[in-house]
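Each remark here refers to the structure printed beneath this line.
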Amino acid sequence: MTRYVFQTALRDMVRPQRVAAWAAVTGIVFLISRVWAMLAADLGAAESFGRVEQVVVLRVIALAAAVFGTMVVSQEVEQKTIVYLITRPVPRWSLALGRMLAATVVGGVVAIAAEFAASLAVVGPANVVDPRFWQDLLVLFVGVAAYTGFFVFLSLVVARSLVLSLLFAFGWETFVPNMPGDMYYVSILTYLRSATPHAVVAGSPSLGDFLTGASSPKSVAAPAAWIALLVLVIGLWWLCLWWFGRFEYSPREEAA
Amino acid sequence: MIQLQNASRWYGQIIGVNDVTCSIGPGVTALLGQNGAGKSTLMRLVTGQLRPTTGSVKVHGIDPFANPEVYRRLGYCPDMDSFPEHLTGREFVHRMARLCGFENQAAHRRADEVIELVGMEDRCDKKLRGFSKGMRQRIKLAQAIVHDPDILLLDEPLNGLDPMGRRQFMDVLDHLAEAGKSIIVSSHVLFEVEQMTRSIILLHHGRLLASGDLSTIRDLIDQHPHRIRLRTPDPRLLAAFLVSLPFVLSVQIDPDERGLEVQTREPDKFYAELPRLALDESLPITSLESPDNNLEAVFQYLVVA
């Protein structure tokens, strides 16, 4: 049944209007990346791409995870259509798992498109797909899964979670990695950045450094980052499935 | 089939259902109450969307909350007018059938069957967003019965249906009840309920006020003087005839001299006599209504009793 739930959720998430919106986002990624590459012409292509990936692509996957993660449960509750799902003979964990997988797959496709657009804009069509491109994609996909787990959990716990998710994606994930002390450990971006070891640009901290969370030189070793990401994915996903099966999700206005 | 034992449900400081104990068996049972009486909360408890704050709810002897075993045998038609609007009616019912475990082809067949049963076979290939209220009610019923459940809970199912739709809807309910299903229908309209069943559960402010046969309620109504308002061009003439009837207690002419209010202890006899009187004496009656023939009046009687 998880498979059918996954298929239907996937179909709902890739309706034409949504595909068009995300195609536009990919186009914007391309434009920003192109402008970035032109402004930072003194950097090498690899360095520029690394910076663009960390500033733009990692934000896009957080955005995609926030939007699609909200569709897993929260949107169904807000639209009061959750009742048709939770009164079917399908275990709740299966409903949540199928829909979270769909959100992750769609988020992953957005990540691929954004990564490809950024790579195309910065390194050009000749070197658009090098071995590190594939490694980065793997990290991005794990990042989407981690963000999806986090945002779905957020949506299970608080009402109207999309705003909070976006604040986390663009606020928390920008400021916390730059904060002094050990706060950088509580940012998913820290682990994603550490797992995509692109060249570090020497020099005084700039806006780019701030946006990539690199104004503080602290980072995590790549293996530790991978372990942290996998623990986050497994832990958050398990928590979501358990939580959704345990608590009430009757449409809110109706319940009051 | 369904048992509630001292079931209460609170939403913070607000009470939804208060200490309800009852059991519901096969046939059609009406859950009757005004808006806010706790009908929908009770339905959500039985359908396992909510847990009781205290007490217990059992369906076939098991806790329904998030329990697929219960949902295999239970269909629910919510009162909310919400759908995945981008789907057609047929796609929606098919999707619900798949979620109930039907394989693809079987789900198509079953969806077609129930769509025909609710009289939507020629109109269900439009997007749900283009459906009228009545069509949406029918599709909600179709999705509730698509897996042929033993227990069917219908929350205000007649809202938005035209008279023809209501008749067809009630025919479907009769058909399902004859097949041995246990059907619970909520409504705040006494007249609707009377056409569906004699078995009622009456809720008021979350409390179970009465349960059993509808005649109990009717008897209570009939113990009180029953008011009937009539509109007629010549109320004084009509009043002269009405006061001669032995079961009429009083007649009061409206201040605008275009109508009157009658009080009677035997409304059935009054309603039987009135048409004959109007025809024999050529008294035109333009409207007739009974302010006591509604739930609010019933509740007043019961609370006082």
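Numbering starts fresh at 1 for the residues of each chain in the structure tokens, the chains themselves are lettered A, B, ... in the order given, and ligands are numbered from 1 as they appear.
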Determine, using only C-alpha atoms, which residues of chain A have any atom at most 7 Å from an atom of chain B, and tabulate each with its shortest atom pair and distance in Å to one decimal place, rows ordered by chain and then rising number, as CSV.
```
residue,atom,partner,partner_atom,distance
A:Gln79,CA,B:Ser82,CA,6.7
A:Lys80,CA,B:Ser82,CA,5.8
A:Thr81,CA,B:Phe83,CA,5.7
A:Thr87,CA,B:Tyr71,CA,5.9
A:Arg88,CA,B:Tyr71,CA,5.5
A:Pro89,CA,B:Pro68,CA,3.9
A:Val90,CA,B:Pro68,CA,5.6
A:Pro91,CA,B:Pro68,CA,5.9
A:Arg92,CA,B:Ala66,CA,6.9
A:Gly245,CA,B:Ala66,CA,6.9
A:Glu248,CA,B:Leu50,CA,5.9
A:Tyr249,CA,B:Gln49,CA,6.9
A:Ser250,CA,B:Gln49,CA,6.0
A:Ala256,CA,B:Tyr11,CA,6.4
```
Kindly indicate which residue among A:Val110, A:Pro125, A:Asp130, A:Leu120 lies nearest to Leu58 of chain A, using only C-alpha atoms for the distances.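 Looking only at the distances to Leu58 of chain A, the closest residue turns out to be A:Val110.
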Long-range neighbours of Thr70 of chain A as number ranges by chain, 9 Å cut-off, only C-alpha atoms, 6 positions minimum in chain: A: 76, 103, 148, 151-152, 154-155, 160-162, 165
For C-alpha atoms, I'd like the residues from the last selection saved as a PDB file, in the first residue's frame.
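Dumped everything to part_15.pdb:
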```pdb
ATOM      1  CA  GLU A  76      -4.088  17.777   3.727  1.00  0.00           C
ATOM      2  CA  ALA A 103       8.207  14.467  -1.381  1.00  0.00           C
ATOM      3  CA  THR A 148      12.042  16.619   4.351  1.00  0.00           C
ATOM      4  CA  PHE A 151       9.968  19.846   7.837  1.00  0.00           C
ATOM      5  CA  VAL A 152       7.428  17.034   7.914  1.00  0.00           C
ATOM      6  CA  LEU A 154       7.606  20.388  12.063  1.00  0.00           C
ATOM      7  CA  SER A 155       4.312  20.210  10.160  1.00  0.00           C
ATOM      8  CA  ARG A 160       0.797  26.402   9.408  1.00  0.00           C
ATOM      9  CA  SER A 161       4.307  25.111   9.352  1.00  0.00           C
ATOM     10  CA  LEU A 162       5.349  26.392   5.927  1.00  0.00           C
ATOM     11  CA  SER A 165       9.984  25.859   7.569  1.00  0.00           C
TER      12      SER A 165
END
```
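The two atoms in question, atom CA of Arg59 of chain A and atom CA of Pro177 of chain A, are spaced 13.7 Å apart.
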Got a sec: who's within 8 Å of Glu261 of chain B, counting only C-alpha atoms, leaving out chain neighbours fewer than 2 positions off, as a list of chain:residue names?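 The residues that qualify are B:Arg227, B:Ile228, B:Arg229, B:Leu230, B:Val251, B:Gln252, B:Ile253, B:Asp254, B:Gly259, B:Gln263.
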